Structures are given as C-alpha cells and as structure tokens.
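**Q** model-v3.tsv is reproduced in full below (TSV, N, CA and C atoms).
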```
chain	number	residue	atom	x	y	z
A	1	MET	N	5.50	-13.63	-21.30
A	1	MET	CA	6.46	-12.55	-21.09
A	1	MET	C	7.44	-12.57	-22.26
A	2	ASP	N	7.64	-11.41	-22.86
A	2	ASP	CA	8.56	-11.34	-23.99
A	2	ASP	C	10.01	-11.23	-23.50
A	3	ASN	N	10.96	-11.35	-24.43
A	3	ASN	CA	12.38	-11.35	-24.06
A	3	ASN	C	12.82	-10.04	-23.42
A	4	GLU	N	12.27	-8.91	-23.90
A	4	GLU	CA	12.63	-7.62	-23.33
A	4	GLU	C	12.18	-7.52	-21.87
A	5	SER	N	10.96	-7.98	-21.59
A	5	SER	CA	10.45	-7.96	-20.22
A	5	SER	C	11.26	-8.88	-19.32
A	6	LEU	N	11.63	-10.04	-19.83
A	6	LEU	CA	12.44	-10.97	-19.05
A	6	LEU	C	13.81	-10.37	-18.76
A	7	THR	N	14.42	-9.73	-19.75
A	7	THR	CA	15.72	-9.09	-19.55
A	7	THR	C	15.63	-8.01	-18.47
A	8	THR	N	14.58	-7.20	-18.52
A	8	THR	CA	14.36	-6.15	-17.53
A	8	THR	C	14.21	-6.76	-16.14
A	9	LEU	N	13.45	-7.82	-16.04
A	9	LEU	CA	13.24	-8.50	-14.77
A	9	LEU	C	14.54	-9.09	-14.23
A	10	LEU	N	15.31	-9.70	-15.09
A	10	LEU	CA	16.60	-10.26	-14.66
A	10	LEU	C	17.57	-9.16	-14.23
A	11	ASP	N	17.56	-8.02	-14.94
A	11	ASP	CA	18.39	-6.88	-14.54
A	11	ASP	C	18.00	-6.37	-13.15
A	12	ALA	N	16.71	-6.49	-12.82
A	12	ALA	CA	16.22	-6.04	-11.52
A	12	ALA	C	16.75	-6.91	-10.38
A	13	VAL	N	17.22	-8.10	-10.71
A	13	VAL	CA	17.79	-8.99	-9.70
A	13	VAL	C	19.31	-9.00	-9.78
A	14	TYR	N	19.83	-9.08	-11.00
A	14	TYR	CA	21.28	-9.25	-11.18
A	14	TYR	C	21.99	-7.99	-11.66
A	15	GLY	N	21.28	-6.88	-11.79
A	15	GLY	CA	21.86	-5.65	-12.33
A	15	GLY	C	22.55	-4.77	-11.31
A	16	TRP	N	23.30	-5.34	-10.43
A	16	TRP	CA	24.04	-4.56	-9.43
A	16	TRP	C	25.16	-3.79	-10.12
A	17	LYS	N	25.48	-2.62	-9.57
A	17	LYS	CA	26.56	-1.79	-10.10
A	17	LYS	C	27.47	-1.39	-8.95
A	18	VAL	N	28.61	-0.82	-9.31
A	18	VAL	CA	29.54	-0.29	-8.31
A	18	VAL	C	29.71	1.19	-8.59
A	19	LYS	N	29.51	2.00	-7.54
A	19	LYS	CA	29.69	3.45	-7.67
A	19	LYS	C	30.54	3.91	-6.49
A	20	ASP	N	31.63	4.57	-6.79
A	20	ASP	CA	32.55	5.05	-5.75
A	20	ASP	C	32.97	3.92	-4.82
A	21	GLY	N	33.18	2.75	-5.40
A	21	GLY	CA	33.65	1.61	-4.63
A	21	GLY	C	32.59	0.93	-3.78
A	22	LYS	N	31.31	1.33	-3.94
A	22	LYS	CA	30.24	0.72	-3.15
A	22	LYS	C	29.21	0.05	-4.05
A	23	ALA	N	28.66	-1.04	-3.57
A	23	ALA	CA	27.63	-1.76	-4.32
A	23	ALA	C	26.35	-0.93	-4.36
A	24	VAL	N	25.73	-0.87	-5.54
A	24	VAL	CA	24.47	-0.15	-5.73
A	24	VAL	C	23.45	-1.17	-6.22
A	25	PRO	N	22.35	-1.35	-5.46
A	25	PRO	CA	21.35	-2.34	-5.87
A	25	PRO	C	20.64	-1.92	-7.15
A	26	PRO	N	20.05	-2.87	-7.82
A	26	PRO	CA	19.30	-2.57	-9.05
A	26	PRO	C	18.15	-1.62	-8.76
A	27	SER	N	17.77	-0.86	-9.76
A	27	SER	CA	16.65	0.08	-9.65
A	27	SER	C	15.34	-0.70	-9.52
A	28	SER	N	14.37	-0.08	-8.88
A	28	SER	CA	13.05	-0.69	-8.77
A	28	SER	C	12.07	-0.08	-9.78
A	29	ASP	N	12.60	0.68	-10.73
A	29	ASP	CA	11.75	1.33	-11.73
A	29	ASP	C	10.89	0.35	-12.52
A	30	TYR	N	11.36	-0.86	-12.69
A	30	TYR	CA	10.68	-1.89	-13.46
A	30	TYR	C	9.39	-2.37	-12.78
A	31	LEU	N	9.30	-2.19	-11.46
A	31	LEU	CA	8.13	-2.71	-10.74
A	31	LEU	C	6.88	-1.92	-11.12
A	32	PRO	N	5.76	-2.60	-11.32
A	32	PRO	CA	4.53	-1.87	-11.60
A	32	PRO	C	4.09	-1.07	-10.38
A	33	GLU	N	3.34	-0.01	-10.62
A	33	GLU	CA	2.89	0.87	-9.53
A	33	GLU	C	2.12	0.12	-8.45
A	34	CYS	N	1.34	-0.87	-8.84
A	34	CYS	CA	0.56	-1.62	-7.84
A	34	CYS	C	1.46	-2.33	-6.84
A	35	ILE	N	2.63	-2.78	-7.26
A	35	ILE	CA	3.58	-3.44	-6.37
A	35	ILE	C	4.33	-2.40	-5.55
A	36	LYS	N	4.71	-1.29	-6.19
A	36	LYS	CA	5.38	-0.21	-5.46
A	36	LYS	C	4.48	0.31	-4.34
A	37	GLU	N	3.19	0.41	-4.60
A	37	GLU	CA	2.27	0.88	-3.57
A	37	GLU	C	2.24	-0.08	-2.39
A	38	ARG	N	2.28	-1.38	-2.64
A	38	ARG	CA	2.30	-2.35	-1.54
A	38	ARG	C	3.59	-2.22	-0.74
A	39	ILE	N	4.69	-2.03	-1.44
A	39	ILE	CA	5.99	-1.87	-0.76
A	39	ILE	C	5.95	-0.61	0.12
A	40	LYS	N	5.48	0.50	-0.43
A	40	LYS	CA	5.40	1.75	0.33
A	40	LYS	C	4.49	1.60	1.55
A	41	TYR	N	3.38	0.90	1.36
A	41	TYR	CA	2.40	0.74	2.44
A	41	TYR	C	3.01	0.04	3.64
A	42	PHE	N	3.77	-1.03	3.39
A	42	PHE	CA	4.33	-1.81	4.49
A	42	PHE	C	5.69	-1.30	4.96
A	43	LYS	N	6.30	-0.39	4.21
A	43	LYS	CA	7.60	0.17	4.57
A	43	LYS	C	7.55	0.86	5.94
A	44	ASP	N	6.48	1.58	6.21
A	44	ASP	CA	6.34	2.26	7.49
A	44	ASP	C	6.30	1.27	8.65
A	45	ASP	N	5.69	0.12	8.42
A	45	ASP	CA	5.64	-0.92	9.46
A	45	ASP	C	7.03	-1.49	9.73
A	46	ILE	N	7.86	-1.52	8.71
A	46	ILE	CA	9.24	-1.98	8.91
A	46	ILE	C	9.99	-0.94	9.74
A	47	ARG	N	9.87	0.32	9.36
A	47	ARG	CA	10.62	1.39	10.02
A	47	ARG	C	10.15	1.66	11.45
A	48	ASN	N	8.84	1.65	11.66
A	48	ASN	CA	8.31	2.11	12.94
A	48	ASN	C	7.48	1.08	13.71
A	49	GLY	N	7.08	0.03	13.05
A	49	GLY	CA	6.16	-0.88	13.71
A	49	GLY	C	6.72	-2.21	14.12
A	50	GLY	N	8.00	-2.42	13.87
A	50	GLY	CA	8.61	-3.68	14.28
A	50	GLY	C	8.40	-4.84	13.33
A	51	LEU	N	7.87	-4.56	12.13
A	51	LEU	CA	7.69	-5.62	11.15
A	51	LEU	C	9.04	-5.98	10.54
A	52	ALA	N	9.39	-7.25	10.55
A	52	ALA	CA	10.64	-7.70	9.96
A	52	ALA	C	10.55	-7.65	8.43
A	53	ILE	N	11.68	-7.54	7.78
A	53	ILE	CA	11.71	-7.47	6.32
A	53	ILE	C	11.04	-8.69	5.70
A	54	ILE	N	11.33	-9.88	6.22
A	54	ILE	CA	10.73	-11.09	5.65
A	54	ILE	C	9.22	-11.08	5.83
A	55	GLY	N	8.75	-10.55	6.95
A	55	GLY	CA	7.31	-10.43	7.17
A	55	GLY	C	6.68	-9.48	6.17
A	56	ALA	N	7.35	-8.36	5.91
A	56	ALA	CA	6.84	-7.40	4.93
A	56	ALA	C	6.78	-8.02	3.54
A	57	ILE	N	7.81	-8.76	3.18
A	57	ILE	CA	7.83	-9.41	1.86
A	57	ILE	C	6.66	-10.38	1.75
A	58	ASN	N	6.42	-11.15	2.81
A	58	ASN	CA	5.28	-12.08	2.80
A	58	ASN	C	3.96	-11.34	2.65
A	59	LEU	N	3.83	-10.19	3.30
A	59	LEU	CA	2.59	-9.41	3.20
A	59	LEU	C	2.44	-8.78	1.81
A	60	ILE	N	3.53	-8.34	1.24
A	60	ILE	CA	3.48	-7.75	-0.12
A	60	ILE	C	3.06	-8.81	-1.12
A	61	LEU	N	3.63	-9.99	-1.00
A	61	LEU	CA	3.30	-11.08	-1.93
A	61	LEU	C	1.91	-11.65	-1.66
A	62	SER	N	1.56	-11.77	-0.40
A	62	SER	CA	0.26	-12.30	0.04
A	62	SER	C	-0.17	-13.53	-0.75
A	63	GLU	N	0.68	-14.55	-0.71
A	63	GLU	CA	0.35	-15.80	-1.39
A	63	GLU	C	-0.95	-16.38	-0.86
A	64	ASP	N	-1.17	-16.25	0.45
A	64	ASP	CA	-2.44	-16.63	1.07
A	64	ASP	C	-2.97	-15.36	1.73
A	65	GLU	N	-3.75	-14.59	0.98
A	65	GLU	CA	-4.17	-13.27	1.45
A	65	GLU	C	-4.97	-13.33	2.74
A	66	LYS	N	-5.83	-14.33	2.88
A	66	LYS	CA	-6.65	-14.44	4.10
A	66	LYS	C	-5.75	-14.59	5.32
A	67	GLU	N	-4.78	-15.48	5.25
A	67	GLU	CA	-3.87	-15.70	6.37
A	67	GLU	C	-3.01	-14.45	6.63
A	68	CYS	N	-2.51	-13.82	5.57
A	68	CYS	CA	-1.69	-12.62	5.73
A	68	CYS	C	-2.48	-11.50	6.39
A	69	LYS	N	-3.72	-11.33	5.97
A	69	LYS	CA	-4.58	-10.29	6.56
A	69	LYS	C	-4.79	-10.55	8.05
A	70	GLU	N	-5.09	-11.79	8.40
A	70	GLU	CA	-5.31	-12.12	9.81
A	70	GLU	C	-4.06	-11.86	10.65
A	71	LEU	N	-2.90	-12.27	10.15
A	71	LEU	CA	-1.65	-12.05	10.88
A	71	LEU	C	-1.33	-10.56	11.00
A	72	TYR	N	-1.55	-9.82	9.93
A	72	TYR	CA	-1.27	-8.39	9.94
A	72	TYR	C	-2.16	-7.67	10.94
A	73	GLU	N	-3.42	-8.03	10.97
A	73	GLU	CA	-4.37	-7.34	11.84
A	73	GLU	C	-4.13	-7.61	13.33
A	74	LEU	N	-3.34	-8.62	13.65
A	74	LEU	CA	-3.03	-8.90	15.05
A	74	LEU	C	-2.27	-7.75	15.71
A	75	GLY	N	-1.40	-7.08	14.95
A	75	GLY	CA	-0.60	-6.02	15.55
A	75	GLY	C	-0.58	-4.73	14.76
A	76	ALA	N	-1.42	-4.63	13.76
A	76	ALA	CA	-1.39	-3.47	12.87
A	76	ALA	C	-2.04	-2.25	13.51
A	77	VAL	N	-1.55	-1.09	13.10
A	77	VAL	CA	-2.15	0.16	13.54
A	77	VAL	C	-2.91	0.84	12.40
A	78	LYS	N	-2.90	0.20	11.26
A	78	LYS	CA	-3.64	0.71	10.11
A	78	LYS	C	-4.32	-0.47	9.42
A	79	PRO	N	-5.31	-0.19	8.58
A	79	PRO	CA	-6.06	-1.28	7.95
A	79	PRO	C	-5.22	-2.08	6.95
A	80	TRP	N	-5.66	-3.29	6.71
A	80	TRP	CA	-5.03	-4.19	5.73
A	80	TRP	C	-5.18	-3.58	4.33
A	81	LEU	N	-4.15	-3.72	3.52
A	81	LEU	CA	-4.19	-3.28	2.13
A	81	LEU	C	-4.47	-4.49	1.26
A	82	PRO	N	-5.69	-4.62	0.74
A	82	PRO	CA	-6.02	-5.77	-0.10
A	82	PRO	C	-5.15	-5.81	-1.35
A	83	VAL	N	-4.89	-7.01	-1.83
A	83	VAL	CA	-4.11	-7.18	-3.05
A	83	VAL	C	-5.02	-6.85	-4.23
A	84	SER	N	-4.59	-5.90	-5.05
A	84	SER	CA	-5.39	-5.53	-6.22
A	84	SER	C	-5.31	-6.64	-7.27
A	85	GLU	N	-6.28	-6.65	-8.14
A	85	GLU	CA	-6.28	-7.64	-9.23
A	85	GLU	C	-5.06	-7.44	-10.11
A	86	GLU	N	-4.68	-6.18	-10.33
A	86	GLU	CA	-3.50	-5.88	-11.14
A	86	GLU	C	-2.23	-6.48	-10.51
A	87	ALA	N	-2.09	-6.34	-9.20
A	87	ALA	CA	-0.93	-6.90	-8.51
A	87	ALA	C	-0.95	-8.42	-8.58
A	88	ARG	N	-2.12	-9.01	-8.37
A	88	ARG	CA	-2.24	-10.46	-8.42
A	88	ARG	C	-1.86	-11.00	-9.81
A	89	GLN	N	-2.31	-10.31	-10.84
A	89	GLN	CA	-1.98	-10.74	-12.21
A	89	GLN	C	-0.49	-10.61	-12.48
A	90	TRP	N	0.13	-9.51	-12.03
A	90	TRP	CA	1.56	-9.34	-12.28
A	90	TRP	C	2.37	-10.39	-11.52
A	91	LEU	N	1.99	-10.63	-10.28
A	91	LEU	CA	2.71	-11.63	-9.49
A	91	LEU	C	2.54	-13.03	-10.07
A	92	ASN	N	1.31	-13.37	-10.47
A	92	ASN	CA	1.03	-14.66	-11.08
A	92	ASN	C	1.77	-15.77	-10.34
A	93	VAL	N	1.34	-16.03	-9.11
A	93	VAL	CA	2.03	-16.95	-8.21
A	93	VAL	C	2.35	-18.31	-8.85
A	94	ASP	N	1.49	-18.77	-9.71
A	94	ASP	CA	1.72	-20.07	-10.34
A	94	ASP	C	2.53	-19.94	-11.64
A	95	GLY	N	2.90	-18.74	-11.99
A	95	GLY	CA	3.60	-18.49	-13.25
A	95	GLY	C	5.06	-18.88	-13.20
A	96	TYR	N	5.62	-18.97	-14.37
A	96	TYR	CA	7.00	-19.42	-14.54
A	96	TYR	C	8.01	-18.46	-13.93
A	97	TYR	N	7.74	-17.16	-13.95
A	97	TYR	CA	8.70	-16.15	-13.49
A	97	TYR	C	8.43	-15.65	-12.08
A	98	TYR	N	7.56	-16.30	-11.35
A	98	TYR	CA	7.20	-15.83	-10.01
A	98	TYR	C	8.40	-15.71	-9.09
A	99	ASN	N	9.29	-16.68	-9.09
A	99	ASN	CA	10.44	-16.65	-8.17
A	99	ASN	C	11.38	-15.49	-8.48
A	100	ILE	N	11.55	-15.16	-9.76
A	100	ILE	CA	12.38	-14.01	-10.12
A	100	ILE	C	11.71	-12.73	-9.64
A	101	LYS	N	10.39	-12.62	-9.80
A	101	LYS	CA	9.66	-11.44	-9.32
A	101	LYS	C	9.78	-11.33	-7.81
A	102	LYS	N	9.72	-12.45	-7.13
A	102	LYS	CA	9.85	-12.48	-5.68
A	102	LYS	C	11.24	-11.98	-5.26
A	103	LEU	N	12.27	-12.40	-5.96
A	103	LEU	CA	13.62	-11.91	-5.68
A	103	LEU	C	13.73	-10.41	-5.92
A	104	ALA	N	13.14	-9.93	-7.01
A	104	ALA	CA	13.19	-8.51	-7.32
A	104	ALA	C	12.50	-7.68	-6.23
A	105	ILE	N	11.37	-8.17	-5.74
A	105	ILE	CA	10.66	-7.48	-4.65
A	105	ILE	C	11.50	-7.52	-3.37
A	106	THR	N	12.13	-8.65	-3.10
A	106	THR	CA	12.97	-8.79	-1.92
A	106	THR	C	14.11	-7.78	-1.94
A	107	ILE	N	14.74	-7.61	-3.09
A	107	ILE	CA	15.83	-6.64	-3.22
A	107	ILE	C	15.30	-5.22	-3.01
A	108	ALA	N	14.15	-4.92	-3.62
A	108	ALA	CA	13.57	-3.57	-3.50
A	108	ALA	C	13.24	-3.25	-2.04
A	109	VAL	N	12.72	-4.23	-1.30
A	109	VAL	CA	12.36	-4.01	0.11
A	109	VAL	C	13.62	-3.94	0.98
A	110	THR	N	14.51	-4.88	0.80
A	110	THR	CA	15.71	-4.96	1.63
A	110	THR	C	16.60	-3.73	1.49
A	111	TYR	N	16.75	-3.25	0.26
A	111	TYR	CA	17.64	-2.11	0.01
A	111	TYR	C	16.88	-0.80	-0.16
A	112	ASP	N	15.58	-0.81	0.14
A	112	ASP	CA	14.76	0.40	0.16
A	112	ASP	C	14.91	1.22	-1.12
A	113	THR	N	14.68	0.59	-2.27
A	113	THR	CA	14.86	1.27	-3.55
A	113	THR	C	13.58	1.89	-4.11
A	114	VAL	N	12.47	1.73	-3.41
A	114	VAL	CA	11.22	2.35	-3.84
A	114	VAL	C	11.05	3.62	-3.03
A	115	PRO	N	11.11	4.79	-3.70
A	115	PRO	CA	10.97	6.05	-2.95
A	115	PRO	C	9.61	6.17	-2.29
A	116	ASP	N	9.58	6.87	-1.15
A	116	ASP	CA	8.31	7.08	-0.43
A	116	ASP	C	7.35	7.90	-1.27
A	117	GLU	N	7.86	8.88	-1.94
A	117	GLU	CA	7.03	9.76	-2.79
A	117	GLU	C	7.61	9.77	-4.18
A	118	VAL	N	6.77	10.16	-5.14
A	118	VAL	CA	7.22	10.28	-6.52
A	118	VAL	C	8.17	11.45	-6.63
A	119	GLU	N	9.34	11.20	-7.23
A	119	GLU	CA	10.33	12.25	-7.39
A	119	GLU	C	10.17	12.89	-8.76
A	120	ASP	N	10.16	14.23	-8.78
A	120	ASP	CA	10.03	14.95	-10.05
A	120	ASP	C	11.38	15.24	-10.67
```
Let's see the structure in the file written out as structure tokens.
**A**
Amino acid sequence: MDNESLTTLLDAVYGWKVKDGKAVPPSSDYLPECIKERIKYFKDDIRNGGLAIIGAINLILSEDEKECKELYELGAVKPWLPVSEEARQWLNVDGYYYNIKKLAITIAVTYDTVPDEVED
C-alpha cells in the first residue's frame, strides 16, 4: 500500500468533521465497490431483520466464510452473499492494514455512510 492509499484509509477512520455543531463521520467513498456491495446487502438485515451491527460487520468481513454462511442461513430470508475474490484481496485478513480497514468498515456500517443506491 502506498502512502496516498494509507492516508486515504486513515482519513476514513480519523477524518471526522463538524458541521453545524454536529459530528459528521468520514465518507465511505474510499471503500471499493465490492465492499460497498456487501455493506448494502446486509444493511437491510440490520434495518428489518434484527441483525445487530456487530453481526453485520462480522458477515461483511467473513473471516471464516463457512461459519458466517452457516450462521447467516439460520435466520436469513435471502441467500448468502459469497465473498468475492476482489473483496478478499482488499481485506487481506493477514495483511498489515487489516485492522484499519475493519475500523473503516465499522464506521461505514454504524453511521450508514454507504448509500443504498448510486447517487447521480
């Protein structure tokens, strides 16, 4: 990862702003589409299906995909979303920056910064 990418990733975690006296979470624009798609997929389960935020984060990350799939299918009303190779490579669970990426995803899920649809 180059310095520019690292700076962008750190801004995604620590780049909070204040607007009209209120905290504004960092943008999720930095996230690759494959991760945004996973967030959008499980967002409905948070809103309507009783999935807790921490559960959604675990499913998005899918550190143990087999276990996550089995747990998800216990109460899911839609099929499991397999982790794409692109998402797996970006997450790089054993990589040096994995924990920062995990924090960035946690912020995006917790503060709902990934739009449901693409905005023009």
**Q** Take atom N of Arg88 (chain A) and atom C of Lys101 (chain A) and report the distance between them in Å, one decimal.
**A**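 These atoms are spaced 12.1 Å apart.
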**Q** Please determine, counting all atoms listed in the file, which residue among A:Lys19, A:Ala12, A:Tyr111, A:Thr7 has the shortest atom-to-atom distance to Leu31 (chain A).
**A**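 Of A:Lys19, A:Ala12, A:Tyr111, A:Thr7, the one nearest Leu31 (chain A), counting all atoms listed in the file, is A:Ala12.
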**Q** Can you measure atom N of Asp11 (chain A) to CA of Glu85 (chain A) for me? One decimal in Å is fine.
**A**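 Taking atom N of Asp11 (chain A) and CA of Glu85 (chain A), their separation equals 24.5 Å.
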**Q** Go ahead and compute the interatomic distance for CA of Leu61 (chain A) and CA of Leu91 (chain A), in Å to one decimal.
**A**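 We find that CA of Leu61 (chain A) and CA of Leu91 (chain A) lie 7.6 Å from each other.
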**Q** Write out as a ChimeraX atom specification the residues lying within 12 Å of Pro32 (chain A), counting only C-alpha atoms and excluding same-chain residues fewer than 2 positions away.
**A** /A:9,28-30,34-39,84,86-91,101,104-105,114
**Q** Could you save the residues just selected, with N, CA and C atoms, as a PDB file, in the coordinates of the input?
**A**
```pdb
ATOM      1  N   LEU A   9      13.450  -7.820 -16.040  1.00  0.00           N
ATOM      2  CA  LEU A   9      13.240  -8.500 -14.770  1.00  0.00           C
ATOM      3  C   LEU A   9      14.540  -9.090 -14.230  1.00  0.00           C
ATOM      4  N   SER A  28      14.370  -0.080  -8.880  1.00  0.00           N
ATOM      5  CA  SER A  28      13.050  -0.690  -8.770  1.00  0.00           C
ATOM      6  C   SER A  28      12.070  -0.080  -9.780  1.00  0.00           C
ATOM      7  N   ASP A  29      12.600   0.680 -10.730  1.00  0.00           N
ATOM      8  CA  ASP A  29      11.750   1.330 -11.730  1.00  0.00           C
ATOM      9  C   ASP A  29      10.890   0.350 -12.520  1.00  0.00           C
ATOM     10  N   TYR A  30      11.360  -0.860 -12.690  1.00  0.00           N
ATOM     11  CA  TYR A  30      10.680  -1.890 -13.460  1.00  0.00           C
ATOM     12  C   TYR A  30       9.390  -2.370 -12.780  1.00  0.00           C
ATOM     13  N   CYS A  34       1.340  -0.870  -8.840  1.00  0.00           N
ATOM     14  CA  CYS A  34       0.560  -1.620  -7.840  1.00  0.00           C
ATOM     15  C   CYS A  34       1.460  -2.330  -6.840  1.00  0.00           C
ATOM     16  N   ILE A  35       2.630  -2.780  -7.260  1.00  0.00           N
ATOM     17  CA  ILE A  35       3.580  -3.440  -6.370  1.00  0.00           C
ATOM     18  C   ILE A  35       4.330  -2.400  -5.550  1.00  0.00           C
ATOM     19  N   LYS A  36       4.710  -1.290  -6.190  1.00  0.00           N
ATOM     20  CA  LYS A  36       5.380  -0.210  -5.460  1.00  0.00           C
ATOM     21  C   LYS A  36       4.480   0.310  -4.340  1.00  0.00           C
ATOM     22  N   GLU A  37       3.190   0.410  -4.600  1.00  0.00           N
ATOM     23  CA  GLU A  37       2.270   0.880  -3.570  1.00  0.00           C
ATOM     24  C   GLU A  37       2.240  -0.080  -2.390  1.00  0.00           C
ATOM     25  N   ARG A  38       2.280  -1.380  -2.640  1.00  0.00           N
ATOM     26  CA  ARG A  38       2.300  -2.350  -1.540  1.00  0.00           C
ATOM     27  C   ARG A  38       3.590  -2.220  -0.740  1.00  0.00           C
ATOM     28  N   ILE A  39       4.690  -2.030  -1.440  1.00  0.00           N
ATOM     29  CA  ILE A  39       5.990  -1.870  -0.760  1.00  0.00           C
ATOM     30  C   ILE A  39       5.950  -0.610   0.120  1.00  0.00           C
ATOM     31  N   SER A  84      -4.590  -5.900  -5.050  1.00  0.00           N
ATOM     32  CA  SER A  84      -5.390  -5.530  -6.220  1.00  0.00           C
ATOM     33  C   SER A  84      -5.310  -6.640  -7.270  1.00  0.00           C
ATOM     34  N   GLU A  86      -4.680  -6.180 -10.330  1.00  0.00           N
ATOM     35  CA  GLU A  86      -3.500  -5.880 -11.140  1.00  0.00           C
ATOM     36  C   GLU A  86      -2.230  -6.480 -10.510  1.00  0.00           C
ATOM     37  N   ALA A  87      -2.090  -6.340  -9.200  1.00  0.00           N
ATOM     38  CA  ALA A  87      -0.930  -6.900  -8.510  1.00  0.00           C
ATOM     39  C   ALA A  87      -0.950  -8.420  -8.580  1.00  0.00           C
ATOM     40  N   ARG A  88      -2.120  -9.010  -8.370  1.00  0.00           N
ATOM     41  CA  ARG A  88      -2.240 -10.460  -8.420  1.00  0.00           C
ATOM     42  C   ARG A  88      -1.860 -11.000  -9.810  1.00  0.00           C
ATOM     43  N   GLN A  89      -2.310 -10.310 -10.840  1.00  0.00           N
ATOM     44  CA  GLN A  89      -1.980 -10.740 -12.210  1.00  0.00           C
ATOM     45  C   GLN A  89      -0.490 -10.610 -12.480  1.00  0.00           C
ATOM     46  N   TRP A  90       0.130  -9.510 -12.030  1.00  0.00           N
ATOM     47  CA  TRP A  90       1.560  -9.340 -12.280  1.00  0.00           C
ATOM     48  C   TRP A  90       2.370 -10.390 -11.520  1.00  0.00           C
ATOM     49  N   LEU A  91       1.990 -10.630 -10.280  1.00  0.00           N
ATOM     50  CA  LEU A  91       2.710 -11.630  -9.490  1.00  0.00           C
ATOM     51  C   LEU A  91       2.540 -13.030 -10.070  1.00  0.00           C
ATOM     52  N   LYS A 101      10.390 -12.620  -9.800  1.00  0.00           N
ATOM     53  CA  LYS A 101       9.660 -11.440  -9.320  1.00  0.00           C
ATOM     54  C   LYS A 101       9.780 -11.330  -7.810  1.00  0.00           C
ATOM     55  N   ALA A 104      13.140  -9.930  -7.010  1.00  0.00           N
ATOM     56  CA  ALA A 104      13.190  -8.510  -7.320  1.00  0.00           C
ATOM     57  C   ALA A 104      12.500  -7.680  -6.230  1.00  0.00           C
ATOM     58  N   ILE A 105      11.370  -8.170  -5.740  1.00  0.00           N
ATOM     59  CA  ILE A 105      10.660  -7.480  -4.650  1.00  0.00           C
ATOM     60  C   ILE A 105      11.500  -7.520  -3.370  1.00  0.00           C
ATOM     61  N   VAL A 114      12.470   1.730  -3.410  1.00  0.00           N
ATOM     62  CA  VAL A 114      11.220   2.350  -3.840  1.00  0.00           C
ATOM     63  C   VAL A 114      11.050   3.620  -3.030  1.00  0.00           C
TER      64      VAL A 114
END
```
**Q** List as JSON, numbers by chain the residues having at least one atom at most 5 Å from position (-6.0, -6.1, 4.8) as given in the file, counting only N, CA and C atoms.
**A** {"A": [69, 79, 80, 81, 82]}
**Q** Going by DSSP on the backbone, which bits of chain A are strand (DSSP E)? Write them as a compact mmCIF listing (two decimals) with N, CA and C atoms, in the coordinates of the input, please.
**A**
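The result, written out as result.txt:
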```txt
# COMPACT_ATOMS: atom_id res chain seq x y z
N LYS A 17 25.48 -2.62 -9.57
CA LYS A 17 26.56 -1.79 -10.10
C LYS A 17 27.47 -1.39 -8.95
N VAL A 18 28.61 -0.82 -9.31
CA VAL A 18 29.54 -0.29 -8.31
C VAL A 18 29.71 1.19 -8.59
N LYS A 19 29.51 2.00 -7.54
CA LYS A 19 29.69 3.45 -7.67
C LYS A 19 30.54 3.91 -6.49
N LYS A 22 31.31 1.33 -3.94
CA LYS A 22 30.24 0.72 -3.15
C LYS A 22 29.21 0.05 -4.05
N ALA A 23 28.66 -1.04 -3.57
CA ALA A 23 27.63 -1.76 -4.32
C ALA A 23 26.35 -0.93 -4.36
N VAL A 24 25.73 -0.87 -5.54
CA VAL A 24 24.47 -0.15 -5.73
C VAL A 24 23.45 -1.17 -6.22
```
**Q** Show which residues sit within 8 Å of Ala56 (chain A), as a list in words. Count all atoms listed in the file, and ignore same-chain residues fewer than 4 positions away.
**A**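 After dropping sequence-adjacent residues, the list is Arg38, Ile39, Phe42, Lys43, Asp45, Ile46, Leu51, Ala52, Ile60, Leu61, Ser62 and Val109 of chain A.
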**Q** Tell me, as an mmCIF file with N, CA and C atoms, in the frame of the given file, which residues lie within 8 Å of Pro25 (chain A), counting all atoms listed in the file; anything in the same chain fewer than 3 positions away does not count.
**A**
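So part.cif came out as:
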```
data_model
loop_
_atom_site.group_PDB
_atom_site.id
_atom_site.type_symbol
_atom_site.label_atom_id
_atom_site.label_comp_id
_atom_site.auth_asym_id
_atom_site.auth_seq_id
_atom_site.Cartn_x
_atom_site.Cartn_y
_atom_site.Cartn_z
ATOM 1 N N ASP A 11 17.560 -8.020 -14.940
ATOM 2 C CA ASP A 11 18.390 -6.880 -14.540
ATOM 3 C C ASP A 11 18.000 -6.370 -13.150
ATOM 4 N N ALA A 12 16.710 -6.490 -12.820
ATOM 5 C CA ALA A 12 16.220 -6.040 -11.520
ATOM 6 C C ALA A 12 16.750 -6.910 -10.380
ATOM 7 N N VAL A 13 17.220 -8.100 -10.710
ATOM 8 C CA VAL A 13 17.790 -8.990 -9.700
ATOM 9 C C VAL A 13 19.310 -9.000 -9.780
ATOM 10 N N TYR A 14 19.830 -9.080 -11.000
ATOM 11 C CA TYR A 14 21.280 -9.250 -11.180
ATOM 12 C C TYR A 14 21.990 -7.990 -11.660
ATOM 13 N N GLY A 15 21.280 -6.880 -11.790
ATOM 14 C CA GLY A 15 21.860 -5.650 -12.330
ATOM 15 C C GLY A 15 22.550 -4.770 -11.310
ATOM 16 N N TRP A 16 23.300 -5.340 -10.430
ATOM 17 C CA TRP A 16 24.040 -4.560 -9.430
ATOM 18 C C TRP A 16 25.160 -3.790 -10.120
ATOM 19 N N LYS A 17 25.480 -2.620 -9.570
ATOM 20 C CA LYS A 17 26.560 -1.790 -10.100
ATOM 21 C C LYS A 17 27.470 -1.390 -8.950
ATOM 22 N N VAL A 18 28.610 -0.820 -9.310
ATOM 23 C CA VAL A 18 29.540 -0.290 -8.310
ATOM 24 C C VAL A 18 29.710 1.190 -8.590
ATOM 25 N N LYS A 22 31.310 1.330 -3.940
ATOM 26 C CA LYS A 22 30.240 0.720 -3.150
ATOM 27 C C LYS A 22 29.210 0.050 -4.050
ATOM 28 N N SER A 28 14.370 -0.080 -8.880
ATOM 29 C CA SER A 28 13.050 -0.690 -8.770
ATOM 30 C C SER A 28 12.070 -0.080 -9.780
ATOM 31 N N ILE A 107 14.740 -7.610 -3.090
ATOM 32 C CA ILE A 107 15.830 -6.640 -3.220
ATOM 33 C C ILE A 107 15.300 -5.220 -3.010
ATOM 34 N N ALA A 108 14.150 -4.920 -3.620
ATOM 35 C CA ALA A 108 13.570 -3.570 -3.500
ATOM 36 C C ALA A 108 13.240 -3.250 -2.040
ATOM 37 N N TYR A 111 16.750 -3.250 0.260
ATOM 38 C CA TYR A 111 17.640 -2.110 0.010
ATOM 39 C C TYR A 111 16.880 -0.800 -0.160
ATOM 40 N N THR A 113 14.680 0.590 -2.270
ATOM 41 C CA THR A 113 14.860 1.270 -3.550
ATOM 42 C C THR A 113 13.580 1.890 -4.110
#
```
**Q** Could you pull out the helix (DSSP H, G or I) residues of region 2-90 of chain A, going by DSSP on the backbone, and write them as a PyMOL selection string?
**A** chain A and resi 3-14+33-48+53-61+65-75+85-90
